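Asks: The structure that follows is given in the form of structure tokens.
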Amino acid sequence: MKRAEICEALAPLKIVDYPEVPPPPPKGVVVKITYSGVCHSDVHIWEDEMDMGDGVKMKLTAGKFIKFPLAPGHEIAGIIEAVGSEAGSEVKVGDAVVVYPWLACLQCDLCTHGQPNLCLNAVERIGAAKHGGFATHVVVPITSGAVVKIPKGLAPEVACMVPCSGITTYNAVLKTKERVTEMVRMKGNAKLLIIGAGGLGMWCIQFAKALLPPETKVFSADISEEKLQMAKEANADDTILWSKDANEQEILAQTMQRSGGVFDAVIDLVGAGATSQRAFNLTERGGIQVNVGLFGGNMKIPLIVLALHTKCVQGVCVGAPHHLEDCLKLVAEKKLKPPPLEFFTLDQATEALTRLKEGTMKGRGILKL
Ligand SMILES: [Zn+2]
Ligand SMILES: [Zn+2]
């Protein structure tokens, strides 16, 4: 078994060869990895830092859930190689699966009722508390809700993205559905703005087109013209280029001119102070802002505006296991297109993280094992 392990923040990952593959836990499985997505959260782990706002940087290894050495990676597709003695018959050796990595304590009410993504005691989180997908094999402690068979016709290199970038954007779109549907009922149409046209943006646009009423106009905004081109290919109804040189008032005015006013829902896939503040200012009265991205920082909410405009600011942390099953089905059935993929070997894990950190990855980086 081979792993690419972070031993020190921002240092090249160490490729370690182990003589043996660990045995499966009694209720779990060992998955031989075929593809493993490279996500921005992996970059945060590698940097060992998160921007908590007001200049406060949090060292991730200062908490108990991330310790180095660690093989990061939580977008995992593979083949079941070994099944534990008490794992039941839900999955068997040879099944092609994806792994739900957002496992937590496995015991509390949230974990046992299908919402482990909300449990704070994340002792089993794969790619964070436990070794993840930057490896030839991964150990999964349970089967139910943690390994899901890949539907027929869905390529594993696409399926591997669904447990993170897939369900996160799927869940974000679902959060806007009630408001958007209500607006369509009242005025015959609705407007959704999706901020960020990278890998997450591609999924988010397609989920919005698949899940929201057809009268919803989906806009994609980004600072990169090239990425907006991808947004058009993913079927965004319109795109808005946010110039780095323009001031905030100009950007707000230009955006509203393009869309014909503020938006019923805004999904911020970047989650930087500047983008989230803009999202708040671009949300219609009664509308919803969904925050997904973890760039970090903070935004100011004038409390009078929040109340008088009856706005909702909603956070989304990935999704629950049932989102993963539904989302895999949707991607397979509707033949949703993945963002452009760029493949790396396990030995190139450091290069993949560096490219993502520098913002030079076009679409999604995938390790091919
Ligand atoms: Zn991720
Ligand atoms: Zn729990």
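Just so we're on the same page: first chain in the structure tokens is A, next is B, and so on; residues restart at 1 for each chain, and ligands are numbered from 1 in the order they show up.
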Residues within 10 Å of ligand 1 should be enumerated using only C-alpha atoms and all ligand atoms and returned as a list in words.
Replies: Gly37, Val38, Cys39, His40, Ser41, Asp42, Val43, Gly73, His74, Glu75, Pro101, Trp102, Gly127, Met161, Val162, Pro163, Cys164, Ser165, Gly166, Ile167, Thr168, Leu200, Cys317 and Val318 of chain A
Asks: Which residues are near ligand 2 in this structure, taking near to mean any atom at most 6 Å from a ligand atom and counting only C-alpha atoms and all ligand atoms? Format them as a list in words.
Replies: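 Checked against 6 Å with only C-alpha atoms and all ligand atoms; the hits are Ala104, Cys105, Leu106, Gln107, Cys108, Leu110, Cys111, Pro116, Cys119 and Asn121 of chain A.
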Asks: Just to be explicit: take each residue in the selection above, keep N, CA, C and O atoms, and write the result as a short mmCIF file (atom, residue, chain, number, x, y, z; two decimals), in the first residue's frame.
Replies:
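Below you can see selection.cif, which holds the result:
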data_model
loop_
_atom_site.label_atom_id
_atom_site.label_comp_id
_atom_site.auth_asym_id
_atom_site.auth_seq_id
_atom_site.Cartn_x
_atom_site.Cartn_y
_atom_site.Cartn_z
N ALA A 104 -18.24 11.03 11.32
CA ALA A 104 -17.80 11.74 12.52
C ALA A 104 -17.62 10.75 13.66
O ALA A 104 -16.75 9.90 13.59
N CYS A 105 -18.49 10.82 14.69
CA CYS A 105 -18.25 9.94 15.85
C CYS A 105 -18.89 8.58 15.67
O CYS A 105 -18.57 7.63 16.39
N LEU A 106 -19.81 8.44 14.71
CA LEU A 106 -20.54 7.20 14.41
C LEU A 106 -21.55 6.81 15.50
O LEU A 106 -22.20 5.78 15.40
N GLN A 107 -21.66 7.61 16.56
CA GLN A 107 -22.48 7.19 17.71
C GLN A 107 -23.60 8.14 18.11
O GLN A 107 -24.62 7.71 18.63
N CYS A 108 -23.42 9.44 17.88
CA CYS A 108 -24.40 10.40 18.40
C CYS A 108 -25.69 10.37 17.57
O CYS A 108 -25.77 9.69 16.54
N LEU A 110 -26.96 12.65 15.67
CA LEU A 110 -26.75 13.16 14.30
C LEU A 110 -26.14 12.07 13.42
O LEU A 110 -26.61 11.83 12.30
N CYS A 111 -25.10 11.41 13.93
CA CYS A 111 -24.40 10.39 13.13
C CYS A 111 -25.30 9.19 12.83
O CYS A 111 -25.29 8.67 11.72
N PRO A 116 -24.14 12.94 9.73
CA PRO A 116 -22.79 13.00 10.32
C PRO A 116 -22.04 14.27 9.92
O PRO A 116 -21.11 14.68 10.62
N CYS A 119 -22.08 16.62 12.82
CA CYS A 119 -21.48 16.21 14.10
C CYS A 119 -20.10 16.83 14.22
O CYS A 119 -19.29 16.76 13.30
N ASN A 121 -17.81 16.01 16.47
CA ASN A 121 -16.80 15.07 16.97
C ASN A 121 -16.30 14.19 15.82
O ASN A 121 -16.58 13.00 15.75
#
Asks: CA of Val292 (chain A) and CA of Val138 (chain A), how far apart in Å?
Replies: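 Atom-to-atom, CA of Val138 (chain A) and CA of Val292 (chain A) are spaced 26.6 Å apart.
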Asks: Select from region 97-144 of chain A every residue with an atom at most 9 Å from any atom of region 27-35 of chain A, then for each give the shortest pair of atoms and their distance in Å to one decimal, using only C-alpha atoms, rows by chain and rising number, as JSON lines.
Replies:
{"residue": "A:Val97", "atom": "CA", "partner": "A:Val31", "partner_atom": "CA", "distance": 8.3}
{"residue": "A:Val99", "atom": "CA", "partner": "A:Val31", "partner_atom": "CA", "distance": 8.6}
{"residue": "A:Gly133", "atom": "CA", "partner": "A:Ile33", "partner_atom": "CA", "distance": 7.1}
{"residue": "A:Phe134", "atom": "CA", "partner": "A:Ile33", "partner_atom": "CA", "distance": 8.8}
{"residue": "A:Ala135", "atom": "CA", "partner": "A:Ile33", "partner_atom": "CA", "distance": 7.1}
{"residue": "A:Thr136", "atom": "CA", "partner": "A:Ile33", "partner_atom": "CA", "distance": 5.3}
{"residue": "A:His137", "atom": "CA", "partner": "A:Lys32", "partner_atom": "CA", "distance": 4.5}
{"residue": "A:Val138", "atom": "CA", "partner": "A:Val31", "partner_atom": "CA", "distance": 5.4}
{"residue": "A:Val139", "atom": "CA", "partner": "A:Val30", "partner_atom": "CA", "distance": 4.6}
{"residue": "A:Val140", "atom": "CA", "partner": "A:Val29", "partner_atom": "CA", "distance": 5.3}
{"residue": "A:Pro141", "atom": "CA", "partner": "A:Gly28", "partner_atom": "CA", "distance": 4.3}
{"residue": "A:Ile142", "atom": "CA", "partner": "A:Gly28", "partner_atom": "CA", "distance": 4.0}
{"residue": "A:Thr143", "atom": "CA", "partner": "A:Gly28", "partner_atom": "CA", "distance": 5.3}
{"residue": "A:Ser144", "atom": "CA", "partner": "A:Gly28", "partner_atom": "CA", "distance": 8.7}
Asks: Check which residues of region 96-212 of chain A sit at most 10 Å from region 63-67 of chain A using only C-alpha atoms, and return one row each with the closest pair of atoms and their distance in Å to one decimal, ordered by chain and rising number, as a tab-separated table.
Replies:
residue	atom	partner	partner_atom	distance
A:Ala104	CA	A:Phe65	CA	9.9
A:Leu120	CA	A:Phe65	CA	9.7
A:Asn121	CA	A:Phe65	CA	8.2
A:Ala122	CA	A:Phe65	CA	6.4
A:Val123	CA	A:Phe65	CA	6.1
A:Glu124	CA	A:Phe65	CA	8.7
A:Arg125	CA	A:Phe65	CA	8.1
A:Gly127	CA	A:Ile66	CA	9.0
A:Ala128	CA	A:Ile66	CA	5.4
A:Ala129	CA	A:Phe65	CA	4.8
A:Lys130	CA	A:Ile66	CA	8.1
A:His131	CA	A:Lys67	CA	9.9
Asks: Can you pull out every residue within 12 Å of Ala352 (chain A), counting only C-alpha atoms, but drop anything in the same chain fewer than 3 positions away, and send it as an MDAnalysis selection string?
Replies: chainID A and resid 4 12:13 36:40 42:43 46 73 134 341:349 355:368
Asks: Kindly export the residues of the current selection with C-alpha atoms, as a short mmCIF file (atom, residue, chain, number, x, y, z; two decimals), in the first residue's frame.
Replies:
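Final output, out-v1.cif:
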data_model
loop_
_atom_site.label_atom_id
_atom_site.label_comp_id
_atom_site.auth_asym_id
_atom_site.auth_seq_id
_atom_site.Cartn_x
_atom_site.Cartn_y
_atom_site.Cartn_z
CA ALA A 4 1.18 10.48 -0.25
CA PRO A 12 6.26 18.28 -0.42
CA LEU A 13 4.11 15.26 0.44
CA SER A 36 -9.17 10.46 -5.93
CA GLY A 37 -10.24 14.08 -6.39
CA VAL A 38 -8.08 16.99 -5.26
CA CYS A 39 -10.15 19.57 -3.38
CA HIS A 40 -9.52 23.04 -1.97
CA ASP A 42 -6.97 19.47 0.91
CA VAL A 43 -5.04 22.68 0.23
CA TRP A 46 -1.77 21.12 3.54
CA GLY A 73 -8.18 13.24 -0.03
CA PHE A 134 -4.10 10.19 -1.65
CA LEU A 341 -10.51 16.92 -15.53
CA GLU A 342 -6.77 17.04 -15.16
CA PHE A 343 -5.13 13.78 -14.10
CA PHE A 344 -2.11 13.34 -11.84
CA THR A 345 -0.29 10.28 -10.48
CA LEU A 346 0.08 9.70 -6.73
CA ASP A 347 3.71 10.81 -7.04
CA GLN A 348 2.45 14.14 -8.42
CA ALA A 349 0.20 14.85 -5.41
CA ARG A 355 -1.54 24.04 -8.89
CA LEU A 356 -4.82 24.25 -6.99
CA LYS A 357 -3.32 26.63 -4.43
CA GLU A 358 -1.97 28.86 -7.20
CA GLY A 359 -5.29 28.82 -9.03
CA THR A 360 -3.85 27.33 -12.22
CA MET A 361 -5.93 24.14 -12.23
CA LYS A 362 -8.49 24.23 -15.02
CA GLY A 363 -11.50 22.38 -13.71
CA ARG A 364 -10.83 19.52 -11.31
CA GLY A 365 -7.59 17.75 -10.46
CA ILE A 366 -7.88 13.97 -10.05
CA LEU A 367 -5.27 11.50 -8.87
CA LYS A 368 -5.40 8.35 -10.97
#
Asks: Within 10 Å of Ala208 (chain A), counting only C-alpha atoms, which residues qualify if same-chain residues fewer than 5 places away don't, as a ChimeraX atom specification?
Replies: /A:169-170,172-174,176-177,192,194,203,213-214,216-218,235-236
Asks: Which one of A:Met50, A:Leu282, A:Ile223, A:Val266 sits closest to Arg179 (chain A) if you count only C-alpha atoms?
Replies: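 Nearest to Arg179 (chain A): A:Val266.
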Asks: With distances taken over only C-alpha atoms, which residue among A:Glu81, A:Glu351, A:Asp268, A:Asp326 lies nearest Pro23 (chain A)?
Replies: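 The shortest atom-to-atom distance to Pro23 (chain A) comes from A:Glu81.
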Asks: Identify, with DSSP run on backbone atoms, the residues in region 93-223 of chain A assigned to alpha helix (DSSP H), and express the list as a compact mmCIF listing (two decimals) with all heavy atoms, in the first residue's frame.
Replies:
# COMPACT_ATOMS: atom_id res chain seq x y z
N ASP A 109 -26.70 11.12 18.01
CA ASP A 109 -27.98 11.15 17.29
C ASP A 109 -27.82 11.64 15.86
O ASP A 109 -28.47 11.14 14.94
CB ASP A 109 -28.98 12.06 18.04
CG ASP A 109 -29.42 11.42 19.34
OD1 ASP A 109 -29.32 10.19 19.45
OD2 ASP A 109 -29.86 12.15 20.24
N LEU A 110 -26.96 12.65 15.67
CA LEU A 110 -26.75 13.16 14.30
C LEU A 110 -26.14 12.07 13.42
O LEU A 110 -26.61 11.83 12.30
CB LEU A 110 -25.80 14.38 14.35
CG LEU A 110 -26.38 15.67 14.93
CD1 LEU A 110 -25.27 16.66 15.24
CD2 LEU A 110 -27.37 16.29 13.95
N CYS A 111 -25.10 11.41 13.93
CA CYS A 111 -24.40 10.39 13.13
C CYS A 111 -25.30 9.19 12.83
O CYS A 111 -25.29 8.67 11.72
CB CYS A 111 -23.14 9.92 13.86
SG CYS A 111 -21.81 11.13 13.79
N THR A 112 -26.08 8.77 13.82
CA THR A 112 -26.88 7.56 13.61
C THR A 112 -28.20 7.87 12.88
O THR A 112 -28.93 6.97 12.51
CB THR A 112 -27.19 6.86 14.95
OG1 THR A 112 -27.76 7.82 15.83
CG2 THR A 112 -25.94 6.27 15.57
N PRO A 156 -16.08 6.17 -12.98
CA PRO A 156 -15.55 6.35 -11.62
C PRO A 156 -14.79 7.66 -11.44
O PRO A 156 -14.81 8.24 -10.36
CB PRO A 156 -14.64 5.13 -11.41
CG PRO A 156 -14.38 4.58 -12.77
CD PRO A 156 -15.57 4.92 -13.61
N GLU A 157 -14.14 8.14 -12.50
CA GLU A 157 -13.37 9.39 -12.36
C GLU A 157 -14.31 10.60 -12.21
O GLU A 157 -13.91 11.65 -11.75
CB GLU A 157 -12.40 9.60 -13.52
CG GLU A 157 -13.00 9.74 -14.90
CD GLU A 157 -13.15 8.39 -15.62
OE1 GLU A 157 -13.43 7.38 -14.95
OE2 GLU A 157 -13.03 8.39 -16.85
N VAL A 158 -15.57 10.40 -12.61
CA VAL A 158 -16.58 11.44 -12.40
C VAL A 158 -17.26 11.21 -11.04
O VAL A 158 -17.43 12.13 -10.24
CB VAL A 158 -17.63 11.43 -13.54
CG1 VAL A 158 -18.72 12.46 -13.27
CG2 VAL A 158 -16.96 11.69 -14.88
N ALA A 159 -17.59 9.95 -10.76
CA ALA A 159 -18.29 9.60 -9.51
C ALA A 159 -17.48 10.04 -8.29
O ALA A 159 -18.05 10.45 -7.27
CB ALA A 159 -18.54 8.10 -9.46
N ILE A 167 -22.11 16.69 -3.85
CA ILE A 167 -23.20 16.83 -2.87
C ILE A 167 -23.23 18.23 -2.25
O ILE A 167 -24.29 18.70 -1.85
CB ILE A 167 -23.19 15.76 -1.75
CG1 ILE A 167 -21.89 15.76 -0.96
CG2 ILE A 167 -23.48 14.40 -2.30
CD1 ILE A 167 -22.00 14.90 0.30
N THR A 168 -22.09 18.87 -2.19
CA THR A 168 -22.07 20.22 -1.60
C THR A 168 -22.90 21.19 -2.45
O THR A 168 -23.73 21.94 -1.94
CB THR A 168 -20.62 20.73 -1.51
OG1 THR A 168 -19.88 19.81 -0.71
CG2 THR A 168 -20.55 22.10 -0.88
N THR A 169 -22.68 21.14 -3.76
CA THR A 169 -23.41 22.06 -4.64
C THR A 169 -24.86 21.60 -4.80
O THR A 169 -25.77 22.42 -4.91
CB THR A 169 -22.70 22.17 -6.00
OG1 THR A 169 -22.39 20.86 -6.47
CG2 THR A 169 -21.43 22.98 -5.88
N TYR A 170 -25.07 20.30 -4.80
CA TYR A 170 -26.43 19.73 -4.87
C TYR A 170 -27.24 20.23 -3.67
O TYR A 170 -28.36 20.75 -3.80
CB TYR A 170 -26.29 18.21 -4.84
CG TYR A 170 -27.57 17.42 -4.81
CD1 TYR A 170 -28.25 17.12 -5.99
CD2 TYR A 170 -28.08 16.93 -3.61
CE1 TYR A 170 -29.42 16.37 -5.96
CE2 TYR A 170 -29.24 16.18 -3.58
CZ TYR A 170 -29.91 15.90 -4.75
OH TYR A 170 -31.06 15.15 -4.72
N ASN A 171 -26.64 20.14 -2.47
CA ASN A 171 -27.28 20.57 -1.23
C ASN A 171 -27.51 22.08 -1.26
O ASN A 171 -28.57 22.56 -0.84
CB ASN A 171 -26.34 20.17 -0.07
CG ASN A 171 -27.00 20.27 1.28
OD1 ASN A 171 -28.19 20.52 1.39
ND2 ASN A 171 -26.22 20.07 2.33
N ALA A 172 -26.56 22.84 -1.78
CA ALA A 172 -26.70 24.30 -1.85
C ALA A 172 -27.89 24.68 -2.74
O ALA A 172 -28.68 25.55 -2.40
CB ALA A 172 -25.42 24.93 -2.37
N VAL A 173 -28.01 24.01 -3.88
CA VAL A 173 -29.13 24.29 -4.78
C VAL A 173 -30.45 23.94 -4.10
O VAL A 173 -31.42 24.69 -4.17
CB VAL A 173 -28.96 23.54 -6.13
CG1 VAL A 173 -30.24 23.61 -6.95
CG2 VAL A 173 -27.79 24.12 -6.91
N LEU A 174 -30.49 22.79 -3.40
CA LEU A 174 -31.73 22.40 -2.70
C LEU A 174 -32.15 23.46 -1.68
O LEU A 174 -33.34 23.72 -1.50
CB LEU A 174 -31.53 21.06 -1.97
CG LEU A 174 -31.52 19.80 -2.82
CD1 LEU A 174 -31.42 18.57 -1.91
CD2 LEU A 174 -32.75 19.69 -3.72
N LYS A 175 -31.15 24.08 -1.04
CA LYS A 175 -31.47 25.12 -0.04
C LYS A 175 -32.18 26.33 -0.67
O LYS A 175 -32.90 27.05 0.00
CB LYS A 175 -30.19 25.60 0.65
CG LYS A 175 -29.51 24.54 1.50
CD LYS A 175 -30.14 24.45 2.88
CE LYS A 175 -29.35 23.59 3.82
NZ LYS A 175 -29.56 22.15 3.66
N THR A 176 -31.95 26.57 -1.96
CA THR A 176 -32.58 27.72 -2.63
C THR A 176 -33.94 27.36 -3.24
O THR A 176 -34.69 28.24 -3.65
CB THR A 176 -31.70 28.25 -3.79
OG1 THR A 176 -31.72 27.30 -4.88
CG2 THR A 176 -30.28 28.51 -3.36
N LYS A 177 -34.23 26.07 -3.29
CA LYS A 177 -35.36 25.60 -4.10
C LYS A 177 -36.71 26.17 -3.64
O LYS A 177 -37.52 26.61 -4.46
CB LYS A 177 -35.40 24.07 -4.11
CG LYS A 177 -36.35 23.52 -5.15
CD LYS A 177 -36.25 22.02 -5.27
CE LYS A 177 -37.24 21.54 -6.31
NZ LYS A 177 -37.21 20.09 -6.46
N GLU A 178 -36.92 26.18 -2.34
CA GLU A 178 -38.20 26.65 -1.83
C GLU A 178 -38.46 28.10 -2.23
O GLU A 178 -39.53 28.45 -2.75
CB GLU A 178 -38.24 26.50 -0.30
CG GLU A 178 -39.61 26.75 0.27
CD GLU A 178 -39.62 26.68 1.79
OE1 GLU A 178 -38.82 25.92 2.36
OE2 GLU A 178 -40.43 27.40 2.39
N ARG A 179 -37.46 28.94 -2.01
CA ARG A 179 -37.62 30.37 -2.31
C ARG A 179 -37.79 30.60 -3.82
O ARG A 179 -38.65 31.36 -4.26
CB ARG A 179 -36.41 31.15 -1.79
CG ARG A 179 -36.53 32.65 -1.97
CD ARG A 179 -37.67 33.20 -1.13
NE ARG A 179 -38.06 34.54 -1.55
CZ ARG A 179 -39.18 35.15 -1.17
NH1 ARG A 179 -40.03 34.53 -0.38
NH2 ARG A 179 -39.47 36.35 -1.58
N VAL A 180 -36.94 29.92 -4.60
CA VAL A 180 -36.98 30.10 -6.05
C VAL A 180 -38.33 29.63 -6.60
O VAL A 180 -38.96 30.31 -7.43
CB VAL A 180 -35.79 29.33 -6.70
CG1 VAL A 180 -35.98 29.18 -8.19
CG2 VAL A 180 -34.47 30.05 -6.41
N THR A 181 -38.80 28.50 -6.11
CA THR A 181 -40.07 27.95 -6.57
C THR A 181 -41.22 28.91 -6.24
O THR A 181 -42.13 29.14 -7.04
CB THR A 181 -40.33 26.56 -5.93
OG1 THR A 181 -39.19 25.75 -6.20
CG2 THR A 181 -41.56 25.89 -6.49
N GLU A 182 -41.15 29.48 -5.03
CA GLU A 182 -42.16 30.44 -4.57
C GLU A 182 -42.17 31.68 -5.48
O GLU A 182 -43.24 32.18 -5.86
CB GLU A 182 -41.80 30.82 -3.12
CG GLU A 182 -42.73 31.80 -2.45
CD GLU A 182 -44.06 31.18 -2.06
OE1 GLU A 182 -44.27 29.99 -2.34
OE2 GLU A 182 -44.89 31.91 -1.49
N MET A 183 -40.98 32.14 -5.85
CA MET A 183 -40.90 33.33 -6.71
C MET A 183 -41.46 33.03 -8.10
O MET A 183 -42.13 33.86 -8.70
CB MET A 183 -39.45 33.83 -6.81
CG MET A 183 -38.89 34.44 -5.55
SD MET A 183 -40.03 35.50 -4.66
CE MET A 183 -40.14 36.89 -5.76
N VAL A 184 -41.17 31.83 -8.60
CA VAL A 184 -41.69 31.45 -9.91
C VAL A 184 -43.22 31.42 -9.85
O VAL A 184 -43.91 31.90 -10.76
CB VAL A 184 -41.12 30.08 -10.36
CG1 VAL A 184 -41.88 29.53 -11.56
CG2 VAL A 184 -39.64 30.20 -10.68
N ARG A 185 -43.76 30.90 -8.74
CA ARG A 185 -45.20 30.85 -8.58
C ARG A 185 -45.80 32.26 -8.55
O ARG A 185 -46.82 32.54 -9.15
CB ARG A 185 -45.53 30.11 -7.26
CG ARG A 185 -47.00 29.76 -7.08
CD ARG A 185 -47.24 29.09 -5.72
NE ARG A 185 -47.00 29.96 -4.59
CZ ARG A 185 -47.83 30.94 -4.20
NH1 ARG A 185 -48.96 31.14 -4.84
NH2 ARG A 185 -47.53 31.69 -3.16
N MET A 186 -45.10 33.18 -7.87
CA MET A 186 -45.65 34.52 -7.71
C MET A 186 -45.46 35.41 -8.93
O MET A 186 -46.36 36.14 -9.32
CB MET A 186 -45.01 35.21 -6.48
CG MET A 186 -45.52 34.67 -5.17
SD MET A 186 -45.14 35.75 -3.79
CE MET A 186 -43.43 35.40 -3.52
N LYS A 187 -44.25 35.38 -9.53
CA LYS A 187 -44.01 36.33 -10.61
C LYS A 187 -43.67 35.67 -11.95
O LYS A 187 -43.36 36.36 -12.92
CB LYS A 187 -42.95 37.37 -10.20
CG LYS A 187 -41.64 36.79 -9.75
CD LYS A 187 -40.59 37.86 -9.43
CE LYS A 187 -39.24 37.17 -9.29
NZ LYS A 187 -38.13 38.02 -9.04
N GLY A 199 -14.53 24.25 -10.65
CA GLY A 199 -15.09 22.90 -10.61
C GLY A 199 -16.45 22.85 -9.89
O GLY A 199 -17.40 22.25 -10.38
N LEU A 200 -16.54 23.52 -8.74
CA LEU A 200 -17.81 23.55 -8.00
C LEU A 200 -18.88 24.25 -8.83
O LEU A 200 -20.04 23.83 -8.85
CB LEU A 200 -17.65 24.31 -6.69
CG LEU A 200 -16.95 23.65 -5.51
CD1 LEU A 200 -16.85 24.62 -4.36
CD2 LEU A 200 -17.68 22.41 -5.07
N GLY A 201 -18.48 25.32 -9.49
CA GLY A 201 -19.42 26.10 -10.29
C GLY A 201 -20.06 25.26 -11.39
O GLY A 201 -21.28 25.35 -11.63
N MET A 202 -19.24 24.42 -12.04
CA MET A 202 -19.78 23.57 -13.12
C MET A 202 -20.88 22.66 -12.60
O MET A 202 -21.93 22.51 -13.20
CB MET A 202 -18.68 22.68 -13.73
CG MET A 202 -17.52 23.40 -14.39
SD MET A 202 -18.05 24.54 -15.66
CE MET A 202 -18.09 26.05 -14.75
N TRP A 203 -20.63 22.03 -11.45
CA TRP A 203 -21.66 21.16 -10.86
C TRP A 203 -22.88 21.97 -10.48
O TRP A 203 -24.02 21.59 -10.74
CB TRP A 203 -21.12 20.44 -9.62
CG TRP A 203 -20.18 19.33 -9.89
CD1 TRP A 203 -18.89 19.23 -9.45
CD2 TRP A 203 -20.41 18.14 -10.67
NE1 TRP A 203 -18.32 18.07 -9.90
CE2 TRP A 203 -19.22 17.39 -10.64
CE3 TRP A 203 -21.50 17.65 -11.39
CZ2 TRP A 203 -19.10 16.15 -11.29
CZ3 TRP A 203 -21.38 16.43 -12.04
CH2 TRP A 203 -20.20 15.70 -11.99
N CYS A 204 -22.63 23.10 -9.83
CA CYS A 204 -23.73 23.89 -9.26
C CYS A 204 -24.68 24.37 -10.36
O CYS A 204 -25.90 24.30 -10.20
CB CYS A 204 -23.14 25.06 -8.49
SG CYS A 204 -24.30 25.81 -7.35
N ILE A 205 -24.12 24.82 -11.47
CA ILE A 205 -24.96 25.30 -12.58
C ILE A 205 -25.86 24.15 -13.08
O ILE A 205 -27.06 24.31 -13.28
CB ILE A 205 -24.08 25.84 -13.73
CG1 ILE A 205 -23.36 27.11 -13.29
CG2 ILE A 205 -24.91 26.08 -15.00
CD1 ILE A 205 -22.21 27.51 -14.19
N GLN A 206 -25.24 22.98 -13.25
CA GLN A 206 -26.02 21.86 -13.80
C GLN A 206 -27.09 21.37 -12.82
O GLN A 206 -28.19 21.01 -13.22
CB GLN A 206 -25.08 20.71 -14.18
CG GLN A 206 -24.16 21.08 -15.32
CD GLN A 206 -23.23 19.94 -15.68
OE1 GLN A 206 -23.60 19.04 -16.42
NE2 GLN A 206 -22.04 19.95 -15.12
N PHE A 207 -26.76 21.37 -11.52
CA PHE A 207 -27.78 20.97 -10.54
C PHE A 207 -28.92 21.99 -10.52
O PHE A 207 -30.09 21.62 -10.40
CB PHE A 207 -27.18 20.82 -9.14
CG PHE A 207 -26.28 19.63 -8.99
CD1 PHE A 207 -25.07 19.72 -8.32
CD2 PHE A 207 -26.63 18.40 -9.54
CE1 PHE A 207 -24.23 18.63 -8.20
CE2 PHE A 207 -25.80 17.29 -9.42
CZ PHE A 207 -24.60 17.41 -8.75
N ALA A 208 -28.55 23.27 -10.64
CA ALA A 208 -29.59 24.31 -10.64
C ALA A 208 -30.52 24.10 -11.84
O ALA A 208 -31.75 24.18 -11.71
CB ALA A 208 -28.96 25.69 -10.69
N LYS A 209 -29.95 23.79 -12.99
CA LYS A 209 -30.77 23.57 -14.19
C LYS A 209 -31.61 22.30 -14.05
O LYS A 209 -32.71 22.20 -14.59
CB LYS A 209 -29.90 23.49 -15.46
CG LYS A 209 -29.10 24.74 -15.78
CD LYS A 209 -29.93 25.99 -15.96
CE LYS A 209 -30.67 26.07 -17.28
NZ LYS A 209 -31.47 27.32 -17.39
N ALA A 210 -31.09 21.31 -13.32
CA ALA A 210 -31.82 20.04 -13.19
C ALA A 210 -32.86 20.06 -12.08
O ALA A 210 -33.86 19.36 -12.16
CB ALA A 210 -30.82 18.91 -12.93
N LEU A 211 -32.63 20.85 -11.02
CA LEU A 211 -33.49 20.75 -9.83
C LEU A 211 -34.47 21.91 -9.66
O LEU A 211 -35.48 21.76 -8.98
CB LEU A 211 -32.61 20.69 -8.56
CG LEU A 211 -31.71 19.46 -8.41
CD1 LEU A 211 -30.69 19.69 -7.30
CD2 LEU A 211 -32.53 18.22 -8.10
Asks: Go ahead and compute the interatomic distance for CA of Gly293 (chain A) and CA of Thr354 (chain A), in Å to one decimal.
Replies: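 Taking CA of Gly293 (chain A) as the start and CA of Thr354 (chain A) as the end point, the length is 18.7 Å.
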Asks: If you run DSSP over the backbone, which residues in region 58-294 of chain A end up strand (DSSP E or B)? Put them as JSON, numbers by chain.
Replies: {"A": [58, 70, 75, 76, 77, 78, 79, 80, 81, 82, 83, 96, 97, 98, 99, 126, 130, 135, 137, 138, 139, 140, 147, 148, 149, 190, 191, 192, 193, 194, 195, 216, 217, 218, 219, 220, 221, 222, 238, 239, 240, 241, 263, 264, 265, 266, 267, 268, 272, 283, 284, 285, 286, 287, 288, 289, 290, 291]}
Asks: Take CA of Gln314 (chain A) and CA of Ile288 (chain A) and report the distance between them in Å, one decimal.
Replies: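 For CA of Gln314 (chain A) relative to CA of Ile288 (chain A), the distance reads 7.2 Å.
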Asks: Fewer than 3 positions away in the same chain doesn't count, so skip those; otherwise give me all residues within 8 Å of region 239-256 of chain A, counting only C-alpha atoms, as a compact mmCIF listing (two decimals) with C-alpha atoms, in the first residue's frame.
Replies:
# COMPACT_ATOMS: atom_id res chain seq x y z
CA PHE A 219 -26.29 33.43 -13.81
CA SER A 220 -22.63 32.61 -13.23
CA ALA A 221 -20.14 35.24 -12.07
CA ASP A 222 -16.36 34.97 -11.92
CA ILE A 223 -13.20 37.04 -12.34
CA SER A 224 -11.93 34.69 -15.09
CA GLU A 225 -13.24 34.94 -18.62
CA LEU A 228 -17.05 31.82 -17.56
CA ALA A 231 -19.97 28.10 -17.24
CA LYS A 232 -21.64 28.72 -20.60
CA ALA A 236 -25.58 28.88 -17.45
CA SER A 259 -29.48 40.67 -14.65
CA GLY A 260 -32.16 43.31 -14.45
CA GLY A 261 -31.98 43.70 -10.65
CA VAL A 262 -31.08 41.75 -7.53
CA ARG A 278 -21.44 41.17 -2.53
CA LEU A 282 -27.21 41.28 -4.39
